[in-house]
>>> print(open('input21.txt').read())   # compact mmCIF, C-alpha atoms
# COMPACT_ATOMS: atom_id res chain seq x y z
CA MET A 23 41.03 -16.33 2.42
CA SER A 24 39.06 -18.18 -0.24
CA LEU A 25 35.97 -16.76 -1.79
CA ARG A 26 33.81 -19.39 -0.07
CA THR A 27 35.26 -18.64 3.40
CA GLY A 28 34.84 -14.92 2.86
CA PHE A 29 31.27 -15.36 1.79
CA SER A 30 30.44 -17.56 4.79
CA ARG A 31 31.94 -15.09 7.25
CA ALA A 32 30.10 -12.22 5.66
CA THR A 33 26.85 -14.16 5.79
CA LEU A 34 27.33 -14.97 9.48
CA LEU A 35 28.11 -11.34 10.19
CA VAL A 36 24.94 -10.22 8.41
CA PHE A 37 22.77 -12.58 10.45
CA ALA A 38 24.49 -11.59 13.69
CA LEU A 39 23.90 -7.92 13.00
CA ILE A 40 20.28 -8.50 12.09
CA LEU A 41 19.69 -10.39 15.33
CA ALA A 42 21.50 -7.77 17.38
CA LEU A 43 19.41 -4.97 15.93
CA ALA A 44 16.10 -6.81 15.88
CA ALA A 45 16.16 -7.73 19.58
CA PRO A 46 16.14 -4.17 20.98
CA ALA A 47 13.43 -3.22 18.48
CA GLN A 48 11.05 -5.65 20.15
CA SER A 49 11.76 -4.35 23.61
CA ARG A 50 11.16 -0.73 22.63
CA ALA A 51 7.56 -1.24 21.60
CA ASP A 52 6.28 0.79 24.54
CA GLU A 53 3.18 2.16 22.88
CA ARG A 54 0.47 3.96 24.79
CA ILE A 55 -3.21 4.41 24.48
CA TRP A 56 -4.66 7.89 24.66
CA SER A 57 -8.26 8.80 25.23
CA ALA A 58 -9.96 12.16 25.24
CA ILE A 59 -13.34 13.75 25.69
CA VAL A 60 -13.91 16.48 23.16
CA LEU A 61 -16.73 18.98 22.74
CA ALA A 62 -17.37 19.94 19.13
CA SER A 63 -19.59 22.93 18.49
CA LYS A 64 -20.49 25.74 16.14
CA ALA A 65 -19.25 29.09 17.36
CA ASP A 66 -19.48 32.57 15.91
CA LYS A 67 -15.87 33.17 16.90
CA PRO A 68 -14.35 29.72 17.10
CA LYS A 69 -11.39 29.25 19.40
CA ALA A 70 -8.30 27.53 18.11
CA ALA A 71 -8.04 23.85 18.97
CA PRO A 72 -5.53 22.94 21.69
CA ALA A 73 -2.12 21.82 20.51
CA GLU A 74 -2.90 18.23 21.43
CA LEU A 75 -5.74 18.25 18.91
CA SER A 76 -4.17 20.48 16.29
CA ARG A 77 -4.08 17.76 13.62
CA LEU A 78 -7.24 15.93 14.54
CA ALA A 79 -9.47 19.01 14.98
CA PRO A 80 -9.76 19.79 11.24
CA LYS A 81 -10.84 16.21 10.58
CA ILE A 82 -13.45 16.36 13.32
CA GLU A 83 -14.72 19.71 12.08
CA ARG A 84 -14.97 18.46 8.50
CA PHE A 85 -16.54 15.12 9.32
CA PHE A 86 -19.02 16.26 11.97
CA GLY A 87 -19.68 19.73 10.57
CA TYR A 88 -18.51 21.89 13.48
CA ASN A 89 -16.00 24.73 13.59
CA GLN A 90 -14.72 24.52 17.15
CA VAL A 91 -13.17 21.64 19.04
CA GLU A 92 -12.46 21.84 22.77
CA LEU A 93 -10.63 19.32 24.89
CA ILE A 94 -12.64 18.45 27.99
CA GLY A 95 -10.21 15.92 29.38
CA SER A 96 -7.74 13.24 28.42
CA ALA A 97 -5.94 10.25 29.82
CA ARG A 98 -3.00 8.21 28.63
CA LYS A 99 -1.70 4.85 29.73
CA ASP A 100 0.93 2.40 28.59
CA ILE A 101 -0.49 -0.50 26.67
CA ASP A 102 -0.25 -3.63 28.67
CA GLU A 103 -1.28 -6.73 26.83
CA GLN A 104 -1.58 -8.67 30.06
CA SER A 105 -4.31 -6.74 31.83
CA GLU A 106 -7.32 -4.51 31.42
CA LYS A 107 -6.74 -0.76 31.57
CA TRP A 108 -9.17 1.85 32.80
CA LEU A 109 -9.00 5.23 31.14
CA VAL A 110 -10.83 8.09 32.81
CA PRO A 111 -10.59 11.14 30.58
CA SER A 112 -13.42 12.79 32.51
CA PRO A 113 -15.40 11.95 35.66
CA HIS A 114 -18.43 11.12 33.50
CA PHE A 115 -16.83 8.92 30.83
CA TRP A 116 -14.74 5.87 31.60
CA MET A 117 -13.27 3.35 29.26
CA SER A 118 -12.04 -0.12 29.88
CA VAL A 119 -9.52 -1.27 27.28
CA LYS A 120 -8.05 -4.71 26.86
CA SER A 121 -5.33 -4.96 24.27
CA ARG A 122 -4.05 -7.90 22.34
CA LYS A 123 -1.36 -7.64 19.69
CA GLN A 124 0.82 -10.36 18.29
CA ALA A 125 4.41 -9.46 17.56
CA ASP A 126 3.88 -9.78 13.83
CA GLU A 127 0.62 -7.81 13.75
CA LYS A 128 0.46 -4.17 12.83
CA LEU A 129 -2.92 -3.52 14.43
CA TYR A 130 -3.89 -3.53 18.08
CA ASN A 131 -6.93 -5.63 18.73
CA LEU A 132 -8.78 -3.68 21.43
CA GLN A 133 -11.78 -4.75 23.45
CA ILE A 134 -13.36 -1.50 24.59
CA SER A 135 -16.17 -0.83 27.04
CA LEU A 136 -17.51 2.70 27.31
CA VAL A 137 -19.30 3.76 30.48
CA HIS A 138 -21.22 7.00 30.84
CA ASP A 139 -22.10 7.94 34.39
CA LYS A 140 -21.67 4.35 35.54
CA ARG A 141 -23.94 3.09 32.79
CA PRO A 142 -22.38 0.88 30.11
CA ILE A 143 -23.35 2.28 26.73
CA LEU A 144 -21.03 0.52 24.30
CA GLU A 145 -19.03 -2.65 23.88
CA THR A 146 -16.82 -2.83 20.86
CA GLN A 147 -13.91 -4.73 19.45
CA ALA A 148 -11.74 -2.59 17.22
CA LYS A 149 -8.47 -3.08 15.44
CA LEU A 150 -6.46 0.11 15.54
CA ALA A 151 -3.16 0.97 13.97
CA PRO A 152 -0.92 3.36 15.88
CA ASP A 153 -2.01 6.96 15.31
CA ALA A 154 -5.29 5.95 13.63
CA PRO A 155 -7.97 7.42 15.89
CA LEU A 156 -11.29 5.88 16.77
CA ILE A 157 -13.92 8.55 17.43
CA ILE A 158 -17.12 7.66 19.24
CA ARG A 159 -20.00 10.05 18.75
CA GLY A 160 -21.37 10.40 22.27
CA PRO A 161 -24.34 12.30 23.64
CA MET A 162 -25.40 15.76 22.55
CA HIS A 163 -24.75 18.45 25.15
CA ALA A 164 -26.42 21.85 25.32
CA SER A 165 -23.15 23.41 24.22
CA GLY A 166 -22.19 20.92 21.55
CA GLN A 167 -21.49 17.36 20.53
CA VAL A 168 -19.56 15.14 22.91
CA LEU A 169 -16.97 12.97 21.20
CA ILE A 170 -14.86 10.28 22.79
CA ILE A 171 -11.51 9.65 21.13
CA LEU A 172 -9.28 6.64 21.46
CA GLN A 173 -5.90 6.34 19.83
CA VAL A 174 -2.83 4.16 20.08
CA GLN A 175 0.28 6.33 20.22
CA LYS A 176 3.85 5.40 19.50
CA MET B 16 -17.33 -18.21 -46.93
CA GLN B 17 -14.55 -15.94 -48.04
CA THR B 18 -14.84 -12.21 -47.56
CA PHE B 19 -14.66 -9.78 -50.45
CA GLU B 20 -11.10 -8.85 -49.50
CA GLU B 21 -10.02 -12.51 -49.58
CA ARG B 22 -11.63 -13.11 -52.96
CA TYR B 23 -10.18 -9.81 -54.24
CA THR B 24 -6.67 -10.85 -53.19
CA ALA B 25 -7.14 -14.27 -54.80
CA TRP B 26 -8.34 -12.58 -58.00
CA ILE B 27 -5.29 -10.31 -58.11
CA ASP B 28 -3.02 -13.32 -57.57
CA GLY B 29 -4.80 -15.19 -60.38
CA ARG B 30 -6.00 -17.94 -58.05
CA LEU B 31 -9.70 -17.65 -58.93
CA THR B 32 -10.96 -20.01 -61.65
CA GLY B 33 -14.20 -21.23 -63.20
CA ASP B 34 -17.46 -20.25 -61.54
CA GLU B 35 -15.67 -18.45 -58.71
CA LEU B 36 -13.86 -16.20 -61.20
CA ALA B 37 -17.02 -15.50 -63.18
CA ALA B 38 -19.04 -14.73 -60.04
CA PHE B 39 -16.38 -12.42 -58.67
CA GLU B 40 -15.96 -10.54 -61.94
CA ARG B 41 -19.74 -9.97 -62.01
CA GLU B 42 -19.42 -8.61 -58.49
CA LEU B 43 -16.56 -6.39 -59.61
CA GLU B 44 -18.72 -4.79 -62.31
CA SER B 45 -20.82 -3.15 -59.67
CA ALA B 46 -17.84 -2.36 -57.35
CA GLY B 47 -15.72 -0.62 -60.00
CA ARG B 48 -13.94 -2.97 -62.36
CA ASP B 49 -11.56 -0.35 -63.79
CA ALA B 50 -10.07 0.51 -60.43
CA ALA B 51 -9.69 -3.19 -59.63
CA GLU B 52 -7.93 -3.83 -62.91
CA ALA B 53 -5.55 -0.93 -62.22
CA ASP B 54 -4.78 -2.40 -58.81
CA ARG B 55 -4.07 -5.80 -60.28
CA HIS B 56 -1.81 -4.25 -62.92
CA ASP B 57 0.20 -2.38 -60.26
CA VAL B 58 0.61 -5.47 -58.09
CA GLN B 59 1.75 -7.55 -61.03
CA MET B 60 4.26 -4.85 -62.05
CA LEU B 61 5.63 -4.75 -58.51
CA GLY B 62 5.94 -8.53 -58.37
CA ASN B 63 7.85 -8.60 -61.69
CA LEU B 64 10.15 -5.84 -60.47
CA LEU B 65 10.97 -7.70 -57.24
CA ARG B 66 11.65 -10.94 -59.11
CA GLN B 67 14.00 -9.18 -61.55
CA HIS B 68 15.99 -7.48 -58.79
CA ALA B 69 16.12 -10.27 -56.26
CA ALA B 70 19.13 -10.33 -53.91
CA PRO B 71 22.11 -12.00 -55.57
CA PRO B 72 23.24 -15.26 -54.04
CA MET B 73 25.96 -14.80 -51.42
CA PRO B 74 29.32 -16.13 -52.51
CA ARG B 75 31.03 -18.36 -49.93
CA ALA B 76 27.94 -18.51 -47.72
CA ASP B 77 29.29 -21.43 -45.68
CA ALA B 78 32.53 -19.59 -44.95
CA PHE B 79 30.60 -16.50 -43.88
CA ASN B 80 28.45 -18.56 -41.49
CA ALA B 81 31.48 -20.30 -40.03
CA GLU B 82 33.27 -17.00 -39.49
CA LEU B 83 30.22 -15.50 -37.79
CA LEU B 84 29.84 -18.50 -35.44
CA GLU B 85 33.53 -18.36 -34.57
CA ARG B 86 33.32 -14.68 -33.69
CA MET B 87 30.29 -15.32 -31.44
CA ARG B 88 32.15 -18.15 -29.72
CA ARG B 89 35.19 -15.90 -29.07
CA GLU B 90 33.03 -13.17 -27.56
CA GLU B 91 31.35 -15.60 -25.16
CA GLU B 92 34.58 -17.35 -24.19
CA PRO B 93 35.87 -15.09 -21.32
CA ALA B 94 32.66 -15.48 -19.31
CA THR B 95 32.61 -19.25 -19.49
CA ALA B 96 36.28 -20.16 -19.62
CA PRO B 97 37.11 -22.74 -16.94
CA ILE B 98 39.96 -22.01 -14.50
CA LEU B 99 42.70 -24.51 -15.07
CA PRO B 100 44.21 -26.15 -11.95
CA ASN B 101 47.66 -24.63 -12.47
CA GLU B 102 46.37 -21.19 -13.14
CA GLU B 103 46.10 -18.49 -10.50
CA PRO B 104 42.47 -17.56 -9.99
CA ALA B 105 41.56 -14.40 -11.71
CA PRO B 106 41.26 -11.40 -9.40
CA ALA B 107 37.72 -11.04 -8.03
CA GLY B 108 35.53 -8.85 -10.13
CA TYR B 109 33.82 -5.78 -8.83
CA PHE B 110 30.65 -7.76 -8.11
CA SER B 111 32.27 -10.78 -6.50
CA ARG B 112 30.20 -12.76 -3.98
CA THR B 113 32.21 -11.43 -1.03
CA LYS B 114 31.69 -7.84 -2.05
CA LEU B 115 28.03 -8.48 -2.72
CA ALA B 116 27.68 -9.99 0.77
CA TRP B 117 29.30 -6.94 2.33
CA ALA B 118 27.14 -4.62 0.28
CA ALA B 119 24.05 -6.52 1.43
CA ALA B 120 25.18 -6.31 5.06
CA ILE B 121 25.70 -2.56 4.83
CA ALA B 122 22.36 -2.08 3.09
CA LEU B 123 20.60 -4.09 5.79
CA LEU B 124 22.31 -2.10 8.52
CA LEU B 125 21.25 1.17 6.93
CA ALA B 126 17.68 -0.08 6.51
CA LEU B 127 17.50 -1.26 10.12
CA ALA B 128 19.02 1.99 11.34
CA ALA B 129 16.41 3.94 9.37
CA ILE B 130 13.68 1.89 11.02
CA GLN B 131 15.15 2.33 14.48
CA ILE B 132 15.79 6.08 14.38
CA PRO B 133 12.15 7.24 14.72
CA ARG B 134 11.79 5.04 17.81
CA GLY B 135 14.60 6.81 19.62
CA ASP B 136 12.21 9.00 21.61
CA HIS B 137 11.09 5.98 23.61
CA LEU B 138 14.51 5.70 25.15
CA THR B 139 14.48 9.17 26.61
CA SER B 140 12.56 10.73 29.44
CA ALA B 141 8.94 11.81 29.33
CA ASN B 142 9.75 15.49 28.86
CA ILE B 143 9.68 14.97 25.10
CA ALA B 144 6.23 15.98 23.93
CA PRO B 145 4.29 13.34 21.99
CA PRO B 146 3.44 14.13 18.39
CA PRO B 147 0.18 16.00 17.89
CA ILE B 148 -2.80 13.73 17.69
CA GLY B 149 -3.62 12.82 14.11
CA ASP B 150 -0.25 14.02 12.88
CA LEU B 151 0.34 10.87 10.90
CA GLN B 152 -1.78 9.31 8.20
CA PRO B 153 -1.73 5.61 9.03
CA GLU B 154 -4.05 2.98 7.79
CA LEU B 155 -7.59 3.15 9.13
CA GLY B 156 -8.84 1.10 12.01
CA GLU B 157 -11.37 -1.65 11.72
CA ILE B 158 -14.46 -2.22 13.84
CA VAL B 159 -14.81 -5.95 14.39
CA ASN B 160 -18.08 -5.60 16.29
CA ALA B 161 -19.98 -3.00 18.29
CA THR B 162 -22.94 -3.65 20.55
CA THR B 163 -24.91 -1.99 23.28
CA ASP B 164 -27.15 -3.47 25.95
CA ASP B 165 -29.52 -0.51 25.78
CA PRO B 166 -32.23 -1.19 23.18
CA GLY B 167 -32.73 2.57 22.76
CA ILE B 168 -29.17 3.06 21.50
CA SER B 169 -27.95 2.16 18.04
CA VAL B 170 -24.35 1.89 16.88
CA THR B 171 -23.14 2.56 13.35
CA PRO B 172 -19.48 2.11 12.36
CA ILE B 173 -18.18 4.53 9.74
CA ARG B 174 -14.79 4.65 8.08
CA SER B 175 -13.79 7.97 6.57
CA GLU B 176 -10.99 7.40 4.11
CA GLN B 177 -10.86 11.09 3.34
CA ASP B 178 -10.31 12.12 6.96
CA GLY B 179 -8.37 9.03 8.00
CA ILE B 180 -10.64 8.32 10.97
CA THR B 181 -12.88 5.52 12.15
CA VAL B 182 -16.13 6.59 13.78
CA LEU B 183 -18.63 4.77 15.94
CA TRP B 184 -21.83 6.74 15.64
CA LEU B 185 -24.06 6.31 18.68
CA ASP B 186 -27.69 7.34 18.35
CA GLY B 187 -30.35 7.41 21.05
CA LEU B 188 -28.20 8.71 23.91
CA ASP B 189 -29.77 11.05 26.45
CA TYR B 190 -29.47 14.76 25.81
CA LEU B 191 -27.21 16.52 28.32
CA PRO B 192 -28.57 19.87 29.49
CA ALA B 193 -26.49 22.99 30.05
CA SER B 194 -26.49 22.29 33.77
CA TYR B 195 -24.58 19.07 33.14
CA GLN B 196 -20.92 19.77 33.86
CA LEU B 197 -18.79 17.82 31.44
CA GLN B 198 -15.57 18.40 33.37
>>> encode(input="input21.txt", output="C-alpha cells")
Amino acid sequence: MSLRTGFSRATLLVFALILALAAPAQSRADERIWSAIVLASKADKPKAAPAELSRLAPKIERFFGYNQVELIGSARKDIDEQSEKWLVPSPHFWMSVKSRKQADEKLYNLQISLVHDKRPILETQAKLAPDAPLIIRGPMHASGQVLIILQVQK
Amino acid sequence: MQTFEERYTAWIDGRLTGDELAAFERELESAGRDAAEADRHDVQMLGNLLRQHAAPPMPRADAFNAELLERMRREEEPATAPILPNEEPAPAGYFSRTKLAWAAAIALLLALAAIQIPRGDHLTSANIAPPPIGDLQPELGEIVNATTDDPGISVTPIRSEQDGITVLWLDGLDYLPASYQLQ
C-alpha cells in the first residue's frame, strides 16, 4: 500500500464516520419548551423552592427581591417547528408559541403570545438558547408577584 | 534645532567647530564645564583603549566561512535529500501522512462522541427526570420585539447578565385580589 493510497483511504474513512455520526445527531434534536407560572413573595418563614425550580429560584429571588418562590403550574411540550403550540400552565395564563430554528442556528426564534383570562396582554418575538429562561413579570397578586417563565429544554 | 544632548555628544566627539563650538562652550560654562570636560576625557580614553585592543584579524577567514557553510549544508541534507529511483523508500516517520490521517480520524471520533454523549437521555424513556430549571448557564436570550395592544400596559425588556436571565417587565397590569385563585 503506497502512502498516497493509504492517505486516501484514511480520508474517505474519516468523512464516512463524520457523516455516520452527524446524521443521528440531527434526528435527536427533540427539544421541548417548558412554561411555568410562579408566585414570588416575601415570607417570614420562606418555604424551599420546588425541585423543578431549585436552580432558577435563587436568580428570581435576587433579581426581583423576594425570598420565596412557589410553582403554581407548569406545562411542557415538544417543540414543533411546523405548527403553533398552546401552553397552559394555569387556567388563567395561556401561551401560544411558534418556533422557528434553522439547523445551523443555536437560538430558537419564538413568536410568543401571552393571554391572561382570555385577554391578550403581550406579543413578543424572542430568541432563546436552550436552558436560557425568559421570565415575564406578570400581574401583582395579593400574595405576591406572578411570574411567567418560558424555557427551551434539551 | 539640535537638542542639548545632541550638541553635547557632537562636542565630545569633536564635531563642533566655529560659532557652534563657541556658543556651546558658553552654554557649558553655566551647565558645569568641569564635569563636561571630565566626561569628554573619559570617553576619549575609552575610545583609545578600544582602538588599541581591537579584535585581531582572523587568519584563514575564507576557509572558516567555507567550513561553516559546509557544516550547515550537511545538517540540512537529510531533510531535503531526494529519493533516488533505485532506492527503497525510507520507512515512514512517526508523523507520516497516513498516521496523521488516522490520528485525525480518531480525534474526530472522540470529539463527536463527546458531543453525542450528553444527548443520550433523549433516546430513553420519559422516566428520566429533566435537569433542574436553570441548571445550566447558557448564553442569554434576546428580545427581538415586544408589544401589547393595551395602551395601559408597558413592556420593558431586561437582560441580567449576572443572573443569566432575560426578563420582560410588564407594567400596568390589573392587581389580582386575594380572592383570585391562581390555580
>>> closest_atom_pairs(input="input21.txt", of="chain B", to="chain A", cutoff="6 Å", atoms="all atoms listed in the file", output="Markdown table")
| residue | atom | partner | partner_atom | distance |
| --- | --- | --- | --- | --- |
| B:Thr113 | CA | A:Phe29 | CA | 4.9 |
| B:Ala116 | CA | A:Ala32 | CA | 5.9 |
| B:Ala120 | CA | A:Val36 | CA | 5.2 |
| B:Pro147 | CA | A:Glu74 | CA | 5.2 |
| B:Ile148 | CA | A:Leu75 | CA | 5.5 |
| B:Gly149 | CA | A:Leu78 | CA | 4.8 |
| B:Asp150 | CA | A:Arg77 | CA | 5.4 |
| B:Pro153 | CA | A:Ala154 | CA | 5.8 |
| B:Leu155 | CA | A:Ala154 | CA | 5.8 |
| B:Gly156 | CA | A:Leu150 | CA | 4.4 |
| B:Glu157 | CA | A:Lys149 | CA | 4.9 |
| B:Ile158 | CA | A:Ala148 | CA | 4.4 |
| B:Val159 | CA | A:Gln147 | CA | 5.3 |
| B:Asn160 | CA | A:Gln147 | CA | 5.3 |
| B:Ala161 | CA | A:Thr146 | CA | 4.1 |
| B:Thr162 | CA | A:Glu145 | CA | 5.2 |
| B:Thr163 | CA | A:Leu144 | CA | 4.7 |
| B:Asp178 | CA | A:Lys81 | CA | 5.5 |
| B:Ile180 | CA | A:Pro155 | CA | 5.7 |
| B:Thr181 | CA | A:Leu156 | CA | 4.9 |
| B:Val182 | CA | A:Ile157 | CA | 4.7 |
| B:Leu183 | CA | A:Ile158 | CA | 4.6 |
| B:Trp184 | CA | A:Arg159 | CA | 4.9 |
| B:Leu185 | CA | A:Arg159 | CA | 5.5 |
| B:Leu188 | CA | A:Pro161 | CA | 5.3 |
| B:Tyr190 | CA | A:Met162 | CA | 5.3 |
| B:Leu191 | CA | A:His163 | CA | 4.5 |
| B:Pro192 | CA | A:Ala164 | CA | 5.1 |
| B:Ala193 | CA | A:Ala164 | CA | 4.9 |
>>> atom_distance(input="input21.txt", atom1="CA of Leu36 in chain B", atom2="CA of Glu52 in chain B")
13.8 Å
>>> atom_distance(input="input21.txt", atom1="CA of Arg112 in chain B", atom2="CA of Ala128 in chain B")
24.0 Å
>>> atom_distance(input="input21.txt", atom1="CA of Phe79 in chain B", atom2="CA of Asn63 in chain B")
30.0 Å
>>> closest_residue(input="input21.txt", among="B:Leu84, B:Glu154, B:Gln198, B:Met60", to="Val110 in chain A", atoms="only C-alpha atoms")
B:Gln198
>>> decode(input="input21.txt", residues="range 102-121 of chain A", atoms="N, CA, C and O atoms", output="short mmCIF file (atom, residue, chain, number, x, y, z; two decimals), in the first residue's frame")
data_model
loop_
_atom_site.label_atom_id
_atom_site.label_comp_id
_atom_site.auth_asym_id
_atom_site.auth_seq_id
_atom_site.Cartn_x
_atom_site.Cartn_y
_atom_site.Cartn_z
N ASP A 102 -42.25 21.91 18.03
CA ASP A 102 -42.58 21.53 16.66
C ASP A 102 -42.46 22.78 15.80
O ASP A 102 -43.18 23.76 16.03
N GLU A 103 -41.54 22.74 14.88
CA GLU A 103 -41.30 23.95 14.09
C GLU A 103 -42.32 24.11 12.98
O GLU A 103 -42.25 25.06 12.21
N GLN A 104 -43.25 23.17 12.89
CA GLN A 104 -44.25 23.26 11.83
C GLN A 104 -45.50 24.00 12.28
O GLN A 104 -46.19 24.61 11.49
N SER A 105 -45.82 23.90 13.56
CA SER A 105 -47.13 24.42 13.98
C SER A 105 -47.02 25.23 15.27
O SER A 105 -46.01 25.18 15.97
N GLU A 106 -48.11 25.90 15.57
CA GLU A 106 -48.22 26.69 16.78
C GLU A 106 -48.54 25.77 17.96
O GLU A 106 -49.29 24.82 17.81
N LYS A 107 -47.95 26.05 19.11
CA LYS A 107 -48.22 25.25 20.30
C LYS A 107 -48.90 26.11 21.34
O LYS A 107 -48.49 27.26 21.56
N TRP A 108 -49.86 25.53 22.01
CA TRP A 108 -50.50 26.22 23.13
C TRP A 108 -50.03 25.61 24.43
O TRP A 108 -50.12 24.41 24.64
N LEU A 109 -49.52 26.46 25.29
CA LEU A 109 -49.07 26.02 26.61
C LEU A 109 -50.02 26.61 27.64
O LEU A 109 -50.27 27.82 27.63
N VAL A 110 -50.52 25.75 28.51
CA VAL A 110 -51.49 26.22 29.51
C VAL A 110 -50.96 25.83 30.90
O VAL A 110 -51.37 24.81 31.48
N PRO A 111 -50.04 26.61 31.42
CA PRO A 111 -49.50 26.27 32.74
C PRO A 111 -50.50 26.50 33.87
O PRO A 111 -50.33 25.95 34.96
N SER A 112 -51.51 27.34 33.63
CA SER A 112 -52.57 27.52 34.62
C SER A 112 -53.84 27.90 33.85
O SER A 112 -53.76 28.37 32.72
N PRO A 113 -55.01 27.73 34.47
CA PRO A 113 -56.24 28.06 33.75
C PRO A 113 -56.33 29.54 33.38
O PRO A 113 -57.04 29.91 32.45
N HIS A 114 -55.57 30.39 34.06
CA HIS A 114 -55.67 31.83 33.81
C HIS A 114 -54.66 32.33 32.77
O HIS A 114 -54.86 33.39 32.18
N PHE A 115 -53.55 31.64 32.63
CA PHE A 115 -52.49 32.10 31.73
C PHE A 115 -52.23 31.07 30.64
O PHE A 115 -51.90 29.92 30.92
N TRP A 116 -52.38 31.53 29.42
CA TRP A 116 -52.11 30.66 28.27
C TRP A 116 -51.02 31.31 27.43
O TRP A 116 -50.90 32.54 27.38
N MET A 117 -50.31 30.47 26.76
CA MET A 117 -49.27 30.99 25.86
C MET A 117 -49.32 30.26 24.53
O MET A 117 -49.40 29.03 24.51
N SER A 118 -49.28 31.03 23.49
CA SER A 118 -49.14 30.45 22.17
C SER A 118 -47.69 30.65 21.73
O SER A 118 -47.16 31.76 21.80
N VAL A 119 -47.07 29.58 21.29
CA VAL A 119 -45.65 29.66 20.92
C VAL A 119 -45.46 29.07 19.53
O VAL A 119 -45.83 27.92 19.28
N LYS A 120 -44.90 29.87 18.67
CA LYS A 120 -44.48 29.36 17.35
C LYS A 120 -42.96 29.39 17.33
O LYS A 120 -42.35 30.41 17.69
N SER A 121 -42.38 28.29 16.90
CA SER A 121 -40.93 28.18 16.94
C SER A 121 -40.36 28.07 15.54
O SER A 121 -40.95 27.46 14.66
#
